[in-house]
file entry.txt (compact mmCIF, C-alpha atoms)
# COMPACT_ATOMS: atom_id res chain seq x y z
CA MET A 98 9.61 -25.67 -3.55
CA THR A 99 5.95 -26.23 -4.32
CA ASP A 100 3.35 -24.00 -2.69
CA SER A 101 0.57 -26.58 -2.60
CA HIS A 102 0.56 -26.42 1.22
CA LEU A 103 -0.41 -22.72 0.93
CA LYS A 104 -2.57 -22.49 -2.17
CA GLU A 105 -6.31 -21.85 -2.12
CA VAL A 106 -8.38 -22.99 -5.10
CA GLY A 107 -11.55 -21.21 -6.12
CA ILE A 108 -14.55 -23.53 -6.40
CA GLY A 109 -17.35 -20.97 -6.68
CA SER A 110 -17.85 -17.28 -7.16
CA GLU A 111 -20.70 -14.84 -6.71
CA LEU A 112 -21.07 -11.13 -7.21
CA LEU A 113 -21.19 -9.31 -3.87
CA PHE A 114 -22.20 -6.07 -5.50
CA LYS A 115 -21.41 -3.84 -8.45
CA GLY A 116 -21.35 -0.12 -7.71
CA LYS A 117 -20.37 2.74 -10.01
CA PHE A 118 -16.76 2.37 -8.92
CA LEU A 119 -16.42 -0.61 -6.59
CA HIS A 120 -17.07 -4.11 -7.82
CA ALA A 121 -16.76 -6.94 -5.33
CA LYS A 122 -17.00 -10.72 -5.38
CA CYS A 123 -17.27 -13.47 -2.83
CA ASP A 124 -15.55 -16.70 -3.83
CA THR A 125 -15.67 -20.05 -2.10
CA VAL A 126 -12.20 -21.59 -1.92
CA ARG A 127 -10.79 -24.97 -1.02
CA LEU A 128 -8.06 -24.55 1.62
CA PRO A 129 -4.84 -26.58 1.69
CA ASP A 130 -6.39 -28.88 4.35
CA GLY A 131 -9.41 -29.64 2.15
CA LYS A 132 -11.84 -27.47 4.10
CA THR A 133 -13.66 -24.57 2.48
CA ALA A 134 -13.75 -20.85 3.25
CA THR A 135 -14.97 -17.67 1.58
CA ARG A 136 -12.88 -14.81 0.21
CA GLU A 137 -14.46 -11.39 -0.33
CA TYR A 138 -12.53 -8.96 -2.47
CA VAL A 139 -12.68 -5.91 -4.70
CA ILE A 140 -12.05 -6.24 -8.44
CA HIS A 141 -9.79 -3.39 -9.56
CA PRO A 142 -8.68 -2.57 -13.13
CA GLY A 143 -5.09 -1.83 -12.05
CA ALA A 144 -3.34 1.50 -11.79
CA VAL A 145 -0.14 3.41 -12.44
CA VAL A 146 1.86 5.68 -10.16
CA VAL A 147 4.51 8.05 -11.50
CA ILE A 148 7.61 9.39 -9.74
CA PRO A 149 8.31 12.63 -11.67
CA LEU A 150 11.93 13.85 -11.37
CA LEU A 151 12.56 17.51 -12.18
CA ASP A 152 15.88 18.62 -13.66
CA ASP A 153 16.69 20.48 -10.44
CA GLY A 154 16.43 17.27 -8.40
CA GLN A 155 12.98 17.95 -6.96
CA VAL A 156 9.97 15.66 -7.36
CA VAL A 157 6.37 16.49 -8.32
CA LEU A 158 3.73 15.59 -5.74
CA GLU A 159 0.01 16.10 -5.27
CA ARG A 160 -2.25 16.94 -2.36
CA GLN A 161 -5.71 15.45 -2.76
CA TYR A 162 -8.63 15.04 -0.38
CA ARG A 163 -9.28 11.34 0.05
CA TYR A 164 -12.77 10.87 1.35
CA PRO A 165 -12.42 7.33 2.78
CA VAL A 166 -9.66 8.51 5.14
CA ALA A 167 -11.19 11.99 5.56
CA GLN A 168 -8.01 13.97 5.02
CA VAL A 169 -5.80 15.59 2.42
CA ILE A 170 -3.18 13.02 1.35
CA THR A 171 0.23 13.80 -0.14
CA GLU A 172 1.00 11.36 -2.93
CA PHE A 173 2.72 10.80 -6.24
CA PRO A 174 0.51 11.24 -9.32
CA ALA A 175 -1.50 8.08 -9.97
CA GLY A 176 -4.59 6.84 -11.68
CA LYS A 177 -6.53 3.80 -12.82
CA LEU A 178 -5.97 2.01 -16.11
CA ASP A 179 -8.65 2.57 -18.71
CA ALA A 180 -9.95 -0.64 -20.33
CA GLY A 181 -7.19 -2.12 -22.50
CA GLU A 182 -4.77 0.71 -21.74
CA GLU A 183 -1.03 0.02 -21.58
CA PRO A 184 0.44 1.00 -18.19
CA LEU A 185 3.00 3.39 -19.72
CA VAL A 186 0.31 5.15 -21.74
CA CYS A 187 -1.79 5.43 -18.59
CA GLY A 188 1.18 6.93 -16.71
CA GLN A 189 1.75 9.49 -19.44
CA ARG A 190 -1.95 10.35 -19.55
CA GLU A 191 -2.36 10.67 -15.78
CA LEU A 192 0.82 12.74 -15.37
CA LEU A 193 -0.38 15.18 -18.03
CA GLU A 194 -4.00 15.32 -16.86
CA GLU A 195 -3.24 15.76 -13.17
CA THR A 196 -0.04 17.83 -13.23
CA GLY A 197 0.38 19.27 -16.75
CA TYR A 198 3.84 17.68 -17.12
CA THR A 199 5.06 15.63 -20.04
CA ALA A 200 8.27 13.62 -19.73
CA ALA A 201 10.98 12.89 -22.29
CA GLU A 202 12.07 9.65 -20.64
CA TRP A 203 10.32 6.92 -18.69
CA GLY A 204 11.76 4.16 -16.52
CA TYR A 205 9.72 1.17 -15.35
CA ALA A 206 10.47 0.23 -11.75
CA GLY A 207 8.05 -2.65 -11.19
CA LYS A 208 4.65 -3.41 -9.78
CA MET A 209 3.11 -3.54 -6.36
CA HIS A 210 -0.02 -5.16 -4.97
CA LEU A 211 -1.85 -2.59 -2.90
CA ALA A 212 -4.17 -4.51 -0.60
CA VAL A 213 -3.51 -8.24 -0.99
CA ALA A 214 -6.13 -9.28 1.57
CA TYR A 215 -9.11 -7.81 -0.25
CA SER A 216 -8.28 -6.25 -3.63
CA THR A 217 -6.94 -7.40 -6.97
CA GLU A 218 -5.26 -4.00 -7.47
CA VAL A 219 -1.84 -3.97 -9.10
CA ILE A 220 -0.01 -0.63 -9.39
CA HIS A 221 2.73 -0.20 -11.98
CA VAL A 222 5.51 2.14 -10.85
CA TYR A 223 7.22 4.44 -13.36
CA PHE A 224 9.87 7.12 -13.06
CA ALA A 225 9.61 10.09 -15.42
CA ARG A 226 12.33 12.65 -16.22
CA GLY A 227 13.03 15.37 -18.76
CA LEU A 228 9.82 17.08 -17.63
CA SER A 229 8.20 20.05 -19.35
CA LEU A 230 5.20 21.85 -17.96
CA GLY A 231 2.02 22.51 -19.93
CA GLU A 232 -1.64 22.79 -18.98
CA ARG A 233 -3.18 20.20 -16.75
CA GLN A 234 -6.55 18.71 -17.71
CA LEU A 235 -8.28 17.51 -14.58
CA ASP A 236 -11.29 15.24 -14.90
CA GLN A 237 -14.57 16.84 -13.97
CA GLY A 238 -15.04 16.62 -10.21
CA GLU A 239 -11.31 16.15 -9.61
CA PHE A 240 -9.64 18.64 -7.28
CA LEU A 241 -5.98 18.43 -6.36
CA ASP A 242 -2.96 20.64 -5.76
CA VAL A 243 0.33 20.01 -7.53
CA PHE A 244 3.61 21.05 -5.91
CA THR A 245 7.30 20.29 -6.00
CA ALA A 246 9.54 19.23 -3.14
CA THR A 247 13.11 18.19 -2.51
CA VAL A 248 13.78 14.51 -1.89
CA ASP A 249 15.08 15.45 1.57
CA ASP A 250 11.72 17.06 2.35
CA LEU A 251 9.87 13.99 1.06
CA MET A 252 12.03 11.67 3.17
CA GLY A 253 11.34 13.82 6.23
CA TRP A 254 7.60 13.67 5.57
CA CYS A 255 7.72 9.86 5.28
CA ARG A 256 9.46 9.70 8.64
CA ASP A 257 7.32 12.24 10.52
CA GLY A 258 3.92 10.97 9.35
CA THR A 259 3.10 13.76 6.88
CA VAL A 260 3.20 11.16 4.09
CA THR A 261 1.10 8.10 4.99
CA ASP A 262 -0.01 6.85 1.57
CA ALA A 263 1.31 3.29 1.15
CA LYS A 264 1.98 3.54 -2.60
CA THR A 265 3.89 6.81 -2.08
CA LEU A 266 5.97 5.28 0.74
CA ALA A 267 6.73 2.30 -1.51
CA CYS A 268 7.69 4.69 -4.34
CA THR A 269 9.99 6.52 -1.95
CA LEU A 270 11.87 3.25 -1.30
CA TRP A 271 12.44 3.07 -5.05
CA LEU A 272 13.38 6.74 -5.25
CA GLN A 273 15.93 6.52 -2.46
CA ASN A 274 17.64 3.51 -4.00
CA VAL A 275 17.60 4.79 -7.57
CA LEU A 276 19.05 8.14 -6.52
CA SER A 277 21.78 6.45 -4.44
CA GLY A 278 22.70 4.33 -7.46
CA ALA A 279 21.92 1.07 -5.61
CA TRP A 280 19.03 0.26 -8.00
CA SER A 281 19.10 0.97 -11.72
CA LEU A 282 16.36 1.70 -14.23
CA ASP A 283 16.05 0.99 -17.93
CA TRP A 284 15.11 4.41 -19.30
CA GLN A 285 13.31 4.74 -22.61
CA ARG A 286 12.36 7.77 -24.71
CA ALA A 287 8.73 8.79 -24.44
CA GLY A 288 8.06 8.11 -28.13
CA ASP A 289 9.07 4.48 -27.77
CA VAL A 290 6.00 3.37 -25.82
CA SER A 291 5.31 0.00 -27.39
CA SER A 292 6.87 -2.06 -24.59
CA THR A 293 6.55 -1.69 -20.86
CA MET B 212 -3.06 27.16 4.11
CA THR B 213 -6.68 26.10 4.22
CA ASP B 214 -7.76 23.03 2.29
CA SER B 215 -11.31 24.17 1.60
CA HIS B 216 -10.58 24.16 -2.15
CA LEU B 217 -9.90 20.39 -1.88
CA LYS B 218 -12.26 19.14 0.80
CA GLU B 219 -15.30 16.97 0.13
CA VAL B 220 -18.15 17.00 2.65
CA GLY B 221 -20.38 13.98 3.18
CA ILE B 222 -24.08 14.79 2.82
CA GLY B 223 -25.52 11.27 2.69
CA SER B 224 -24.48 7.68 3.24
CA GLU B 225 -25.90 4.29 2.39
CA LEU B 226 -24.71 0.75 2.98
CA LEU B 227 -23.46 -0.81 -0.26
CA PHE B 228 -23.25 -4.23 1.33
CA LYS B 229 -22.11 -6.03 4.44
CA GLY B 230 -20.33 -9.33 3.87
CA LYS B 231 -18.63 -11.57 6.41
CA PHE B 232 -15.40 -9.65 5.95
CA LEU B 233 -15.97 -6.72 3.60
CA HIS B 234 -18.27 -3.90 4.55
CA ALA B 235 -18.76 -1.10 2.03
CA LYS B 236 -20.59 2.20 1.91
CA CYS B 237 -21.58 4.68 -0.77
CA ASP B 238 -21.61 8.28 0.39
CA THR B 239 -22.84 11.33 -1.46
CA VAL B 240 -20.40 14.21 -1.10
CA ARG B 241 -20.43 17.90 -1.87
CA LEU B 242 -17.37 18.80 -3.98
CA PRO B 243 -15.37 22.01 -3.58
CA ASP B 244 -17.23 23.53 -6.55
CA GLY B 245 -20.63 22.84 -4.96
CA LYS B 246 -21.53 19.91 -7.20
CA THR B 247 -22.19 16.44 -5.80
CA ALA B 248 -20.54 13.08 -6.42
CA THR B 249 -20.56 9.62 -4.87
CA ARG B 250 -17.73 7.88 -3.04
CA GLU B 251 -17.74 4.10 -2.65
CA TYR B 252 -15.36 2.65 -0.10
CA VAL B 253 -14.59 -0.26 2.18
CA ILE B 254 -14.83 0.15 5.95
CA HIS B 255 -11.79 -1.49 7.56
CA PRO B 256 -11.08 -1.90 11.30
CA GLY B 257 -7.40 -1.01 10.90
CA ALA B 258 -4.37 -3.26 11.08
CA VAL B 259 -0.83 -3.63 12.37
CA VAL B 260 2.32 -4.74 10.56
CA VAL B 261 5.45 -5.81 12.43
CA ILE B 262 9.07 -5.62 11.27
CA PRO B 263 10.74 -8.32 13.43
CA LEU B 264 14.52 -7.87 13.80
CA LEU B 265 16.50 -10.94 14.87
CA ASP B 266 19.67 -10.57 16.95
CA ASP B 267 21.77 -11.77 13.99
CA GLY B 268 20.49 -8.90 11.81
CA GLN B 269 17.98 -10.94 9.82
CA VAL B 270 14.26 -10.18 9.61
CA VAL B 271 11.26 -12.50 9.95
CA LEU B 272 8.98 -12.72 6.92
CA GLU B 273 5.98 -14.75 5.83
CA ARG B 274 4.84 -16.35 2.61
CA GLN B 275 1.06 -16.49 2.32
CA TYR B 276 -1.29 -17.28 -0.55
CA ARG B 277 -3.38 -14.19 -1.21
CA TYR B 278 -6.46 -15.23 -3.12
CA PRO B 279 -7.40 -11.80 -4.60
CA VAL B 280 -4.03 -11.60 -6.39
CA ALA B 281 -3.83 -15.38 -6.95
CA GLN B 282 -0.27 -15.84 -5.77
CA VAL B 283 1.94 -16.45 -2.77
CA ILE B 284 2.98 -13.07 -1.37
CA THR B 285 6.08 -12.37 0.73
CA GLU B 286 5.23 -9.94 3.52
CA PHE B 287 5.95 -8.84 7.04
CA PRO B 288 3.64 -10.31 9.72
CA ALA B 289 0.40 -8.33 9.89
CA GLY B 290 -3.17 -8.60 10.99
CA LYS B 291 -6.40 -6.74 11.63
CA LEU B 292 -7.22 -5.02 14.89
CA ASP B 293 -9.82 -6.77 17.02
CA ALA B 294 -12.62 -4.50 18.24
CA GLY B 295 -11.20 -2.07 20.80
CA GLU B 296 -7.71 -3.55 20.58
CA GLU B 297 -4.64 -1.31 21.06
CA PRO B 298 -2.35 -1.43 18.02
CA LEU B 299 0.68 -2.56 20.06
CA VAL B 300 -1.31 -5.38 21.66
CA CYS B 301 -2.49 -6.40 18.19
CA GLY B 302 1.10 -6.42 16.92
CA GLN B 303 2.23 -8.60 19.81
CA ARG B 304 -0.70 -10.97 19.29
CA GLU B 305 -0.27 -11.27 15.53
CA LEU B 306 3.49 -11.76 15.76
CA LEU B 307 3.01 -14.59 18.27
CA GLU B 308 0.06 -16.22 16.49
CA GLU B 309 1.57 -16.14 13.02
CA THR B 310 5.29 -16.64 13.70
CA GLY B 311 5.67 -17.90 17.29
CA TYR B 312 7.97 -15.01 18.20
CA THR B 313 7.68 -12.74 21.22
CA ALA B 314 9.73 -9.54 21.38
CA ALA B 315 11.38 -7.84 24.36
CA GLU B 316 11.25 -4.37 22.79
CA TRP B 317 8.86 -2.58 20.45
CA GLY B 318 9.34 0.61 18.46
CA TYR B 319 6.45 2.50 16.84
CA ALA B 320 7.34 3.82 13.39
CA GLY B 321 4.06 5.39 12.31
CA LYS B 322 0.97 4.69 10.32
CA MET B 323 0.16 4.28 6.67
CA HIS B 324 -3.09 4.46 4.70
CA LEU B 325 -3.24 1.44 2.45
CA ALA B 326 -5.73 2.27 -0.32
CA VAL B 327 -6.80 5.90 0.05
CA ALA B 328 -9.11 5.84 -2.97
CA TYR B 329 -11.45 3.15 -1.64
CA SER B 330 -10.64 1.97 1.89
CA THR B 331 -10.53 3.45 5.37
CA GLU B 332 -7.68 1.09 6.29
CA VAL B 333 -4.90 2.44 8.49
CA ILE B 334 -1.91 0.19 9.23
CA HIS B 335 0.26 0.88 12.27
CA VAL B 336 3.92 -0.01 11.73
CA TYR B 337 5.99 -1.46 14.58
CA PHE B 338 9.54 -2.73 14.84
CA ALA B 339 10.16 -5.62 17.25
CA ARG B 340 13.52 -6.79 18.61
CA GLY B 341 14.86 -9.05 21.32
CA LEU B 342 12.94 -11.92 19.73
CA SER B 343 12.48 -15.36 21.26
CA LEU B 344 10.82 -18.22 19.42
CA GLY B 345 7.95 -20.26 20.82
CA GLU B 346 5.00 -22.04 19.27
CA ARG B 347 2.90 -20.26 16.71
CA GLN B 348 -0.89 -20.40 17.02
CA LEU B 349 -2.41 -19.95 13.58
CA ASP B 350 -6.10 -19.20 13.29
CA GLN B 351 -8.17 -22.01 11.86
CA GLY B 352 -8.02 -21.86 8.07
CA GLU B 353 -4.80 -19.80 8.12
CA PHE B 354 -1.86 -21.25 6.21
CA LEU B 355 1.47 -19.45 5.93
CA ASP B 356 5.20 -20.14 5.95
CA VAL B 357 7.53 -18.23 8.25
CA PHE B 358 11.16 -17.72 7.27
CA THR B 359 14.10 -15.45 7.99
CA ALA B 360 16.15 -13.43 5.52
CA THR B 361 18.97 -10.93 5.49
CA VAL B 362 18.11 -7.30 4.85
CA ASP B 363 20.26 -7.46 1.70
CA ASP B 364 18.10 -10.30 0.41
CA LEU B 365 14.93 -8.39 1.24
CA MET B 366 16.21 -5.28 -0.56
CA GLY B 367 17.06 -7.39 -3.60
CA TRP B 368 13.56 -8.87 -3.62
CA CYS B 369 11.97 -5.41 -3.44
CA ARG B 370 14.02 -4.37 -6.45
CA ASP B 371 13.55 -7.51 -8.59
CA GLY B 372 9.79 -7.86 -8.07
CA THR B 373 9.82 -10.84 -5.68
CA VAL B 374 8.31 -8.56 -3.02
CA THR B 375 5.30 -6.65 -4.39
CA ASP B 376 3.19 -6.13 -1.26
CA ALA B 377 2.77 -2.36 -0.77
CA LYS B 378 2.83 -2.45 3.04
CA THR B 379 6.00 -4.57 3.01
CA LEU B 380 7.68 -2.20 0.54
CA ALA B 381 6.70 0.74 2.77
CA CYS B 382 8.08 -1.12 5.81
CA THR B 383 11.32 -1.71 3.92
CA LEU B 384 11.70 2.07 3.48
CA TRP B 385 11.48 2.34 7.26
CA LEU B 386 13.85 -0.59 7.78
CA GLN B 387 16.49 0.81 5.46
CA ASN B 388 16.47 4.20 7.15
CA VAL B 389 16.35 2.90 10.72
CA LEU B 390 19.26 0.53 10.06
CA SER B 391 21.32 3.31 8.43
CA GLY B 392 20.70 5.51 11.47
CA ALA B 393 18.94 8.19 9.39
CA TRP B 394 15.61 7.59 11.18
CA SER B 395 15.34 6.81 14.89
CA LEU B 396 12.77 4.89 16.91
CA ASP B 397 11.56 5.27 20.47
CA TRP B 398 11.92 1.71 21.77
CA GLN B 399 9.87 0.51 24.73
CA ARG B 400 9.99 -2.71 26.75
CA ALA B 401 7.24 -5.19 25.89
CA GLY B 402 5.73 -4.98 29.38
CA ASP B 403 5.11 -1.27 29.07
CA VAL B 404 2.27 -1.50 26.59
CA SER B 405 -0.04 1.19 27.91
CA SER B 406 0.94 3.81 25.34
CA THR B 407 1.46 3.49 21.63

call {"tool": "encode", "arguments": {"input": "entry.txt", "output": "structure tokens"}}
result
Amino acid sequence: MTDSHLKEVGIGSELLFKGKFLHAKCDTVRLPDGKTATREYVIHPGAVVVIPLLDDGQVVLERQYRYPVAQVITEFPAGKLDAGEEPLVCGQRELLEETGYTAAEWGYAGKMHLAVAYSTEVIHVYFARGLSLGERQLDQGEFLDVFTATVDDLMGWCRDGTVTDAKTLACTLWLQNVLSGAWSLDWQRAGDVSST
Amino acid sequence: MTDSHLKEVGIGSELLFKGKFLHAKCDTVRLPDGKTATREYVIHPGAVVVIPLLDDGQVVLERQYRYPVAQVITEFPAGKLDAGEEPLVCGQRELLEETGYTAAEWGYAGKMHLAVAYSTEVIHVYFARGLSLGERQLDQGEFLDVFTATVDDLMGWCRDGTVTDAKTLACTLWLQNVLSGAWSLDWQRAGDVSST
């Protein structure tokens, strides 16, 4: 099936603004019926989220104040890709920086698009296991708590509204199905980071 | 436990820009250590996503070209809140406009925050059942395909990367656990829309 009856084609683009963090564009597009419209969206470098599995079956989570939603959010460790950075390398870096953990094995689950209406953001989802705890190395101005929880607790928090972060809810779908054996992962040793 | 060691306090705010759709601000915040930083974020009116359950056990999905990610995305029906609109009323409106379905019963699952690092967006998640099909009423310039799928197919697409939309993955976590009986919903008749 062709998607030509759905596709929008960019015919012009202008910078909406470029902040320190946010960078947005406004493109003019040709709609499937030949008319034109504008699409405003945020340019994002992409990100990685990590589902860290401890040997005792618990997972590693963070609590971080998220200013746009004005509350402390419970989420899996995540961070933006540096320019040219491989997603797996980013996941290893962010896990270490934010939580102090390094992992012996990594499993790539897949990618998600976070806000398809107005952001280019893609988040790569990794599982990590064989964890050992060292010193975390938070960026300056970064404040977050690291804690561990059982998967039952996490599932309860997704149901009762304690966990509301979309990427963490999506990761929990993966977690539930990997742990049940319904979905499988291709695990690789941490040293073998050339392919993702 | 107090969260004062995490909390950021706004001490200034300026408009980054106001487009037709996107509206962004840059706030200056005081960090937990007393230093200051800036936070750039998109102001969003909030949204609703609907998980429509057909009597034969299938779900209703959409395929829509999402310009920021330059591809057709498979997702549950969703849309932005109009000014002052109740989330349930928005869900009923969007389901009808985009798919042509009306539902006899609605169940509120909860809310998710879509992009906590840079958007205020909250999405309310509803289940809908007792569906009957009428005429859809797409907004001008809106192009999307509506189709039905088994839950097994949907789960397979979440695993194999066909479904990458974060809100749809999060909804699928809810769907899996409601259908298994692990999570319950408080269903209400469509006429009784005063409370959400």

call {"tool": "atom_distance", "arguments": {"input": "entry.txt", "atom1": "CA of Asp267 (chain B)", "atom2": "CA of Asn388 (chain B)"}}
result
18.2 Å

call {"tool": "interface_residues", "arguments": {"input": "entry.txt", "of": "chain B", "to": "chain A", "cutoff": "8 Å", "atoms": "all atoms listed in the file", "output": "NGL selection string"}}
result
:B and (214 or 216-219 or 227-228 or 230-233 or 242-243 or 246 or 248 or 250-253 or 275-280 or 282-283 or 320-332 or 352 or 354-356 or 370-372 or 374-378 or 380-381 or 383-385 or 394)

call {"tool": "axis_aligned_box", "arguments": {"input": "entry.txt", "around": "region 248-258 of chain B", "padding_each_side": "6 Å", "output": "lines of an AutoDock Vina configuration file"}}
result
center_x = -12.5
center_y = 4.9
center_z = 2.4
size_x = 28.2
size_y = 28.3
size_z = 29.7

call {"tool": "closest_residue", "arguments": {"input": "entry.txt", "among": "A:Cys187, A:Val157, A:Leu251, A:Ala287", "to": "Ala201 (chain A)", "atoms": "all atoms listed in the file"}}
result
A:Ala287

call {"tool": "closest_residue", "arguments": {"input": "entry.txt", "among": "B:Glu308, B:Ile222, B:Glu296, B:Lys291", "to": "Gln351 (chain B)", "atoms": "all atoms listed in the file"}}
result
B:Glu308

call {"tool": "residues_around", "arguments": {"input": "entry.txt", "residues": "Gln303 (chain B)", "least_positions_apart": "4", "cutoff": "9 Å", "atoms": "all atoms listed in the file", "output": "compact mmCIF listing (two decimals) with C-alpha atoms, in the frame of the given file"}}
result
# COMPACT_ATOMS: atom_id res chain seq x y z
CA VAL B 261 5.45 -5.81 12.43
CA PRO B 298 -2.35 -1.43 18.02
CA LEU B 299 0.68 -2.56 20.06
CA LEU B 307 3.01 -14.59 18.27
CA GLU B 308 0.06 -16.22 16.49
CA TYR B 312 7.97 -15.01 18.20
CA THR B 313 7.68 -12.74 21.22
CA ALA B 314 9.73 -9.54 21.38
CA TRP B 317 8.86 -2.58 20.45
CA ALA B 339 10.16 -5.62 17.25
CA ALA B 401 7.24 -5.19 25.89

call {"tool": "closest_residue", "arguments": {"input": "entry.txt", "among": "B:Glu309, B:Phe338, B:Val357, B:Pro256", "to": "Leu272 (chain B)", "atoms": "all atoms listed in the file"}}
result
B:Val357

call {"tool": "build_atoms", "arguments": {"input": "entry.txt", "residues": "region 250-265 of chain B", "atoms": "N, CA and C atoms", "output": "PDB file, keeping the file's coordinate frame"}}
result
ATOM      1  N   ARG B 250     -18.980   8.519  -3.435  1.00  0.00           N
ATOM      2  CA  ARG B 250     -17.730   7.880  -3.040  1.00  0.00           C
ATOM      3  C   ARG B 250     -18.036   6.515  -2.455  1.00  0.00           C
ATOM      4  N   GLU B 251     -17.531   5.476  -3.114  1.00  0.00           N
ATOM      5  CA  GLU B 251     -17.740   4.100  -2.650  1.00  0.00           C
ATOM      6  C   GLU B 251     -16.460   3.611  -1.992  1.00  0.00           C
ATOM      7  N   TYR B 252     -16.581   3.040  -0.810  1.00  0.00           N
ATOM      8  CA  TYR B 252     -15.360   2.650  -0.100  1.00  0.00           C
ATOM      9  C   TYR B 252     -15.632   1.550   0.907  1.00  0.00           C
ATOM     10  N   VAL B 253     -14.562   0.859   1.238  1.00  0.00           N
ATOM     11  CA  VAL B 253     -14.590  -0.260   2.180  1.00  0.00           C
ATOM     12  C   VAL B 253     -14.286   0.266   3.583  1.00  0.00           C
ATOM     13  N   ILE B 254     -15.093  -0.174   4.547  1.00  0.00           N
ATOM     14  CA  ILE B 254     -14.830   0.150   5.950  1.00  0.00           C
ATOM     15  C   ILE B 254     -13.898  -0.928   6.509  1.00  0.00           C
ATOM     16  N   HIS B 255     -12.773  -0.527   7.059  1.00  0.00           N
ATOM     17  CA  HIS B 255     -11.790  -1.490   7.560  1.00  0.00           C
ATOM     18  C   HIS B 255     -11.480  -1.159   9.021  1.00  0.00           C
ATOM     19  N   PRO B 256     -11.307  -2.173   9.874  1.00  0.00           N
ATOM     20  CA  PRO B 256     -11.080  -1.900  11.300  1.00  0.00           C
ATOM     21  C   PRO B 256      -9.677  -1.383  11.626  1.00  0.00           C
ATOM     22  N   GLY B 257      -8.785  -1.377  10.630  1.00  0.00           N
ATOM     23  CA  GLY B 257      -7.400  -1.010  10.900  1.00  0.00           C
ATOM     24  C   GLY B 257      -6.563  -2.255  11.115  1.00  0.00           C
ATOM     25  N   ALA B 258      -5.256  -2.105  11.035  1.00  0.00           N
ATOM     26  CA  ALA B 258      -4.370  -3.260  11.080  1.00  0.00           C
ATOM     27  C   ALA B 258      -3.012  -2.852  11.646  1.00  0.00           C
ATOM     28  N   VAL B 259      -2.198  -3.849  11.886  1.00  0.00           N
ATOM     29  CA  VAL B 259      -0.830  -3.630  12.370  1.00  0.00           C
ATOM     30  C   VAL B 259       0.097  -4.494  11.529  1.00  0.00           C
ATOM     31  N   VAL B 260       1.261  -3.952  11.192  1.00  0.00           N
ATOM     32  CA  VAL B 260       2.320  -4.740  10.560  1.00  0.00           C
ATOM     33  C   VAL B 260       3.565  -4.628  11.435  1.00  0.00           C
ATOM     34  N   VAL B 261       4.288  -5.730  11.535  1.00  0.00           N
ATOM     35  CA  VAL B 261       5.450  -5.810  12.430  1.00  0.00           C
ATOM     36  C   VAL B 261       6.698  -6.128  11.617  1.00  0.00           C
ATOM     37  N   ILE B 262       7.763  -5.364  11.878  1.00  0.00           N
ATOM     38  CA  ILE B 262       9.070  -5.620  11.270  1.00  0.00           C
ATOM     39  C   ILE B 262       9.932  -6.273  12.353  1.00  0.00           C
ATOM     40  N   PRO B 263      10.051  -7.613  12.347  1.00  0.00           N
ATOM     41  CA  PRO B 263      10.740  -8.320  13.430  1.00  0.00           C
ATOM     42  C   PRO B 263      12.234  -8.461  13.108  1.00  0.00           C
ATOM     43  N   LEU B 264      13.068  -7.872  13.989  1.00  0.00           N
ATOM     44  CA  LEU B 264      14.520  -7.870  13.800  1.00  0.00           C
ATOM     45  C   LEU B 264      15.153  -8.935  14.693  1.00  0.00           C
ATOM     46  N   LEU B 265      15.798  -9.911  14.098  1.00  0.00           N
ATOM     47  CA  LEU B 265      16.500 -10.940  14.870  1.00  0.00           C
ATOM     48  C   LEU B 265      17.855 -10.411  15.339  1.00  0.00           C
TER      49      LEU B 265
END
